[in-house]
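Dropping final-v4.tsv in here (TSV, C-alpha atoms):
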chain	number	residue	atom	x	y	z
A	230	MET	CA	-11.07	35.99	10.73
A	231	LYS	CA	-7.75	35.50	8.94
A	232	ARG	CA	-4.47	36.80	10.23
A	233	LEU	CA	-0.95	36.68	8.90
A	234	LEU	CA	1.54	34.37	10.52
A	235	PHE	CA	4.13	36.25	12.54
A	236	LEU	CA	7.50	35.10	11.30
A	237	THR	CA	10.53	34.29	13.39
A	238	LEU	CA	13.33	33.82	10.90
A	239	LEU	CA	16.35	32.19	12.50
A	240	THR	CA	18.13	30.77	9.49
A	241	VAL	CA	17.64	30.10	5.80
A	242	MET	CA	17.33	26.58	4.45
A	243	THR	CA	16.53	25.64	0.85
A	244	ALA	CA	14.40	22.58	0.26
A	245	SER	CA	11.81	20.99	-1.95
A	246	LEU	CA	9.60	19.65	0.81
A	247	TRP	CA	5.96	19.11	-0.03
A	248	GLY	CA	4.65	15.61	-0.83
A	249	GLN	CA	3.02	12.66	0.85
A	250	THR	CA	2.68	12.27	4.61
A	251	TRP	CA	4.35	9.71	6.84
A	252	LYS	CA	2.49	6.67	8.15
A	253	HIS	CA	2.95	7.06	11.88
A	254	GLU	CA	4.16	3.59	12.95
A	255	ASP	CA	5.60	2.48	9.61
A	256	THR	CA	8.72	4.28	8.44
A	257	THR	CA	9.46	1.77	5.67
A	258	GLY	CA	10.90	3.67	2.75
A	259	ARG	CA	11.12	6.94	4.63
A	260	ASP	CA	14.41	8.81	4.55
A	261	PRO	CA	15.85	8.67	8.10
A	262	LEU	CA	16.97	12.27	7.64
A	263	THR	CA	13.32	13.37	7.90
A	264	TYR	CA	12.61	11.64	11.22
A	265	HIS	CA	12.91	14.97	13.06
A	266	MET	CA	9.49	16.01	11.71
A	267	ILE	CA	6.08	14.45	12.35
A	268	LEU	CA	5.38	14.48	8.61
A	269	GLU	CA	7.84	13.38	5.99
A	270	LYS	CA	6.95	16.42	3.87
A	271	PHE	CA	5.39	19.80	4.60
A	272	ARG	CA	1.64	19.83	3.96
A	273	PRO	CA	-1.07	22.53	3.69
A	274	GLY	CA	-2.49	23.23	7.14
A	275	VAL	CA	-4.53	25.62	9.25
A	276	VAL	CA	-3.48	27.12	12.58
A	277	THR	CA	-6.39	28.20	14.80
A	278	TYR	CA	-5.57	30.52	17.69
A	279	SER	CA	-7.29	30.88	21.04
A	280	ASP	CA	-8.90	34.15	19.90
A	281	GLY	CA	-10.55	32.35	16.97
A	282	SER	CA	-8.29	33.76	14.25
A	283	THR	CA	-6.72	31.41	11.71
A	284	SER	CA	-3.67	31.21	9.45
A	285	THR	CA	-2.89	28.85	6.59
A	286	ALA	CA	0.56	27.66	5.52
A	287	MET	CA	2.65	24.66	4.53
A	288	LEU	CA	3.12	23.16	8.00
A	289	ASN	CA	5.14	20.56	9.87
A	290	TYR	CA	6.17	19.90	13.47
A	291	CYS	CA	9.68	19.22	14.78
A	292	VAL	CA	9.71	16.38	17.31
A	293	ILE	CA	13.15	17.32	18.66
A	294	THR	CA	12.51	20.97	19.53
A	295	GLN	CA	8.70	20.68	19.78
A	296	ASP	CA	8.25	23.63	17.41
A	297	LEU	CA	5.51	24.19	14.85
A	298	VAL	CA	7.11	25.36	11.60
A	299	PHE	CA	6.03	26.41	8.14
A	300	ALA	CA	7.74	26.62	4.76
A	301	GLN	CA	7.53	29.52	2.36
A	302	ASN	CA	9.53	29.92	-0.85
A	303	GLY	CA	11.99	27.24	0.21
A	304	THR	CA	12.63	28.76	3.65
A	305	ILE	CA	11.55	27.24	6.97
A	306	TYR	CA	10.23	29.52	9.72
A	307	LEU	CA	8.98	29.08	13.28
A	308	VAL	CA	5.31	29.84	13.84
A	309	ASP	CA	5.26	32.65	16.38
A	310	HIS	CA	3.09	32.78	19.52
A	311	PRO	CA	2.83	28.97	19.96
A	312	ASP	CA	1.36	29.59	23.42
A	313	LYS	CA	-1.73	31.07	21.77
A	314	ILE	CA	-2.41	28.09	19.46
A	315	ALA	CA	-5.70	26.25	20.01
A	316	THR	CA	-5.53	23.64	17.24
A	317	VAL	CA	-3.50	22.79	14.16
A	318	THR	CA	-4.99	20.81	11.28
A	319	ILE	CA	-2.75	19.33	8.59
A	320	ASP	CA	-4.75	17.06	6.28
A	321	SER	CA	-6.22	14.43	8.65
A	322	LEU	CA	-3.68	15.23	11.39
A	323	THR	CA	-4.93	17.35	14.31
A	324	LEU	CA	-2.53	18.79	16.88
A	325	VAL	CA	-3.55	20.44	20.15
A	326	PRO	CA	-1.60	21.89	23.08
A	327	LYS	CA	-0.37	19.30	25.55
A	328	THR	CA	-0.81	21.94	28.26
A	329	PRO	CA	-2.90	25.09	27.63
A	330	GLY	CA	-0.69	28.15	27.19
A	331	LYS	CA	2.40	26.08	26.37
A	332	GLY	CA	4.01	25.52	23.00
A	333	GLU	CA	4.23	21.72	22.94
A	334	LEU	CA	1.66	20.04	20.69
A	335	ILE	CA	0.30	16.49	20.70
A	336	GLU	CA	-1.79	14.63	18.15
A	337	ALA	CA	-5.48	14.15	18.83
A	338	ILE	CA	-6.20	10.60	17.64
A	339	PHE	CA	-9.72	10.63	19.10
A	340	PRO	CA	-10.30	14.19	20.36
A	341	ALA	CA	-12.71	14.65	23.26
A	342	LYS	CA	-13.02	16.88	26.31
A	343	ASP	CA	-12.91	13.76	28.47
A	344	ASN	CA	-11.53	10.32	27.58
A	345	GLY	CA	-10.02	11.37	24.26
A	346	LEU	CA	-6.87	9.61	23.04
A	347	TYR	CA	-3.72	11.60	22.26
A	348	VAL	CA	-0.11	10.85	21.36
A	349	GLU	CA	3.03	12.92	21.87
A	350	TYR	CA	5.99	12.53	19.51
A	351	ILE	CA	9.34	12.84	21.29
A	352	GLY	CA	12.54	12.94	19.27
A	353	THR	CA	16.10	12.89	20.54
A	354	ALA	CA	19.20	13.67	18.48
A	355	THR	CA	22.58	12.06	19.12
A	356	PRO	CA	25.83	11.89	17.14
A	357	GLN	CA	26.32	8.75	15.07
A	358	GLU	CA	28.76	6.21	16.44
A	359	ARG	CA	32.28	6.47	15.08
A	360	THR	CA	34.70	3.59	14.64
A	361	ASP	CA	38.48	3.48	14.59
A	362	ALA	CA	40.68	1.83	11.96
A	363	TYR	CA	40.02	-1.58	13.54
A	364	GLY	CA	36.24	-1.21	13.53
A	365	SER	CA	35.95	-0.60	17.27
A	366	ILE	CA	33.42	1.97	18.44
A	367	ILE	CA	34.95	5.23	19.64
A	368	PRO	CA	33.13	6.40	22.80
A	369	ASN	CA	31.39	9.75	22.45
A	370	ASN	CA	33.27	12.37	24.43
A	371	ASN	CA	31.97	15.79	25.40
A	372	SER	CA	33.17	17.28	22.12
A	373	ASN	CA	31.25	14.70	20.06
A	374	LEU	CA	28.11	15.10	22.14
A	375	ARG	CA	28.15	18.85	21.59
A	376	SER	CA	27.85	18.28	17.85
A	377	ALA	CA	24.19	17.38	18.35
A	378	THR	CA	23.47	20.75	19.90
A	379	SER	CA	25.81	22.94	17.87
A	380	TYR	CA	23.27	23.45	15.09
A	381	ALA	CA	21.18	26.64	15.24
A	382	ASN	CA	17.82	24.90	15.37
A	383	PHE	CA	16.80	21.39	14.29
A	384	ALA	CA	13.28	22.71	13.58
A	385	LEU	CA	14.59	24.86	10.72
A	386	MET	CA	16.40	22.03	8.94
A	387	PRO	CA	14.82	20.47	5.83
A	388	ALA	CA	16.78	17.30	6.65
A	389	MET	CA	18.88	16.06	9.54
A	390	PRO	CA	22.68	16.26	9.30
A	391	TYR	CA	24.18	12.95	8.17
A	392	ASP	CA	26.21	12.61	11.37
A	393	ILE	CA	23.15	12.80	13.65
A	394	ASN	CA	20.80	9.95	14.60
A	395	VAL	CA	17.21	10.62	15.66
A	396	LYS	CA	15.31	8.34	18.01
A	397	LEU	CA	11.53	8.75	17.93
A	398	MET	CA	9.40	7.75	20.91
A	399	TYR	CA	5.67	7.98	21.61
A	400	ASP	CA	3.81	8.88	24.79
A	401	TYR	CA	0.06	8.32	24.91
A	402	TYR	CA	-2.43	10.32	26.96
A	403	ILE	CA	-6.10	10.44	27.91
A	404	SER	CA	-7.90	13.78	28.25
A	405	ARG	CA	-9.50	14.24	31.65
A	406	ASN	CA	-10.80	17.41	33.33
A	407	GLY	CA	-8.87	19.74	31.03
A	408	GLU	CA	-5.60	17.83	31.41
A	409	HIS	CA	-3.81	14.99	29.62
A	410	ILE	CA	-3.00	12.06	31.91
A	411	PRO	CA	-0.54	9.26	31.03
A	412	PHE	CA	-1.85	6.25	29.08
A	413	ARG	CA	1.42	4.55	28.13
A	414	THR	CA	2.04	1.68	30.54
A	415	GLN	CA	-0.32	-0.95	31.89
A	416	ARG	CA	-0.29	0.84	35.24
A	417	ASP	CA	-1.11	4.16	33.55
A	418	ILE	CA	-4.09	2.56	31.85
A	419	GLN	CA	-5.33	1.00	35.08
A	420	ASN	CA	-5.03	4.36	36.85
A	421	ALA	CA	-6.90	6.13	34.06
A	422	PHE	CA	-9.69	3.53	33.93
A	423	PRO	CA	-9.83	1.81	37.35
A	424	ASP	CA	-13.10	0.07	36.45
A	425	LYS	CA	-11.20	-1.81	33.70
A	426	ALA	CA	-8.15	-2.63	35.84
A	427	ALA	CA	-9.26	-6.13	36.83
A	428	GLY	CA	-9.75	-7.34	33.27
A	429	LEU	CA	-6.98	-5.41	31.54
A	430	LYS	CA	-4.24	-8.03	31.83
A	431	ALA	CA	-6.50	-10.76	30.44
A	432	PHE	CA	-7.58	-8.47	27.58
A	433	LEU	CA	-3.99	-7.70	26.62
A	434	LYS	CA	-3.02	-11.38	26.75
A	435	LYS	CA	-6.05	-12.55	24.76
A	436	ASN	CA	-5.43	-10.00	22.00
A	437	LYS	CA	-1.62	-10.37	22.07
A	438	ASN	CA	-1.46	-6.65	22.71
A	439	ARG	CA	2.03	-5.59	23.85
A	440	LEU	CA	1.34	-1.84	24.01
A	441	LYS	CA	3.92	-1.22	21.31
A	442	THR	CA	2.18	0.19	18.25
A	443	ARG	CA	-0.40	2.87	17.56
A	444	GLU	CA	-2.90	0.13	16.75
A	445	ASP	CA	-2.23	-1.51	20.14
A	446	TYR	CA	-3.13	1.69	21.96
A	447	ILE	CA	-6.23	2.32	19.88
A	448	GLU	CA	-7.38	-1.24	20.62
A	449	VAL	CA	-6.92	-0.95	24.39
A	450	TYR	CA	-8.41	2.56	24.36
A	451	LYS	CA	-11.60	1.25	22.75
A	452	TYR	CA	-11.72	-1.53	25.33
A	453	CYS	CA	-11.43	1.01	28.14
A	454	ILE	CA	-14.22	3.27	26.85
A	455	GLY	CA	-16.48	0.30	26.15
A	456	GLU	CA	-16.48	0.23	22.36
Here is a file; write its structure as structure tokens.
Amino acid sequence: MKRLLFLTLLTVMTASLWGQTWKHEDTTGRDPLTYHMILEKFRPGVVTYSDGSTSTAMLNYCVITQDLVFAQNGTIYLVDHPDKIATVTIDSLTLVPKTPGKGELIEAIFPAKDNGLYVEYIGTATPQERTDAYGSIIPNNNSNLRSATSYANFALMPAMPYDINVKLMYDYYISRNGEHIPFRTQRDIQNAFPDKAAGLKAFLKKNKNRLKTREDYIEVYKYCIGE
């Protein structure tokens, strides 16, 4: 059953946004002003709700505000009722709720009820460093710091303001008993798969795996599940 997206219009932004998607761990050639979204450009996607209804739109996801958004006629909107979303599919990208009934979404790399692999994209926005006439860095005071939060909503921006830097971080999780448990550090991995704890350090050393990239986590995930 189809249903129309409920629109929450907070502001109007004009943009020409649709195009190719972003390679997750390789931002070479990507405009830094688009780092606030999971995808470099809006893409056709499907939102499936917990009641089984679906909606289609040009979708993207803001990593700073953790909001699912869509673009229509050059305007960006929030997707309403994020707490009722079951899955989001944008090309080969699948997003699911980090916690049922909450709005935050994480990517399902290898979806499964138990022992699936997931990644959360976490973005932070800070003012760019300023320098004085002698090239020395001017410390950010409270006024400067407020500039990162003075915008109406980062999720509704087609591009980041030039005076704002975005830092993108990744947290990995394993699905277990209806929850997502941490899978980021070596200790997290040992706690998630205690039967692999004894050999994990040797595996990481042998494969020169530093738990830094997406490929690193996929490699250690496959080791843990016995592939």
Contacts of His265 of chain A at 9 Å (all atoms listed in the file; same-chain gap of 4+ positions) as a list in words |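 In the requested format, the answer is Pro261, Glu269, Tyr290, Cys291, Val292, Ile293, Thr294, Gly352, Thr353, Ala354, Phe383, Ala384, Met386, Ala388, Met389, Val395, Lys396 and Leu397 of chain A.
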Hey, could you pull the box centre and edge lengths for segment 398-406 of chain A, axis-aligned, 5 Å padding per side, all listed atoms, to one decimal in Å, as lines of an AutoDock Vina configuration file?
center_x = -0.7
center_y = 12.6
center_z = 27.1
size_x = 30.2
size_y = 19.7
size_z = 22.4
For Arg439 of chain A, the nearest of the candidates A:Arg413, A:Ala337, A:Asp320, A:Glu349, counting all atoms listed in the file | A:Arg413
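Distance check against Leu385 of chain A using only C-alpha atoms: of A:Thr285, A:Thr414, A:Thr304, A:Thr263, the minimum falls on A:Thr304.
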Quick one: distance from atom CA of Ser404 of chain A to atom CA of Tyr347 of chain A in Å, one decimal?
->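 Going from atom CA of Ser404 of chain A over to atom CA of Tyr347 of chain A covers 7.6 Å.
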For atom CA of Leu288 of chain A and atom CA of His310 of chain A, the interatomic separation in Å (one decimal) =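 Pair atom CA of Leu288 of chain A / atom CA of His310 of chain A returns 15.0 Å.
Here atom CA of Pro356 of chain A stands at a distance of 18.0 Å from atom CA of Pro387 of chain A.
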Lys451 of chain A: which residues within 12 Å, counting all atoms listed in the file, same-chain residues fewer than 6 positions away excluded, as a PyMOL selection string?
-> chain A and resi 338-339+344-346+403+418+422+425+429+432+444-445
Polymer residues at most 6 Å from segment 330-336 of chain A, only C-alpha atoms, same-chain spacing of 4 or more positions, as a tab-separated table (two decimals) with C-alpha atoms, keeping the file's coordinate frame:
chain	number	residue	atom	x	y	z
A	295	GLN	CA	8.70	20.68	19.78
A	311	PRO	CA	2.83	28.97	19.96
A	312	ASP	CA	1.36	29.59	23.42
A	323	THR	CA	-4.93	17.35	14.31
A	324	LEU	CA	-2.53	18.79	16.88
A	325	VAL	CA	-3.55	20.44	20.15
A	326	PRO	CA	-1.60	21.89	23.08
A	347	TYR	CA	-3.72	11.60	22.26
A	348	VAL	CA	-0.11	10.85	21.36
A	349	GLU	CA	3.03	12.92	21.87
Which residue of A:Thr328, A:Asn382, A:Val449, A:Pro390 approaches Gln357 of chain A most closely, using all atoms listed in the file =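 Of all the options, A:Pro390 lies closest to Gln357 of chain A.
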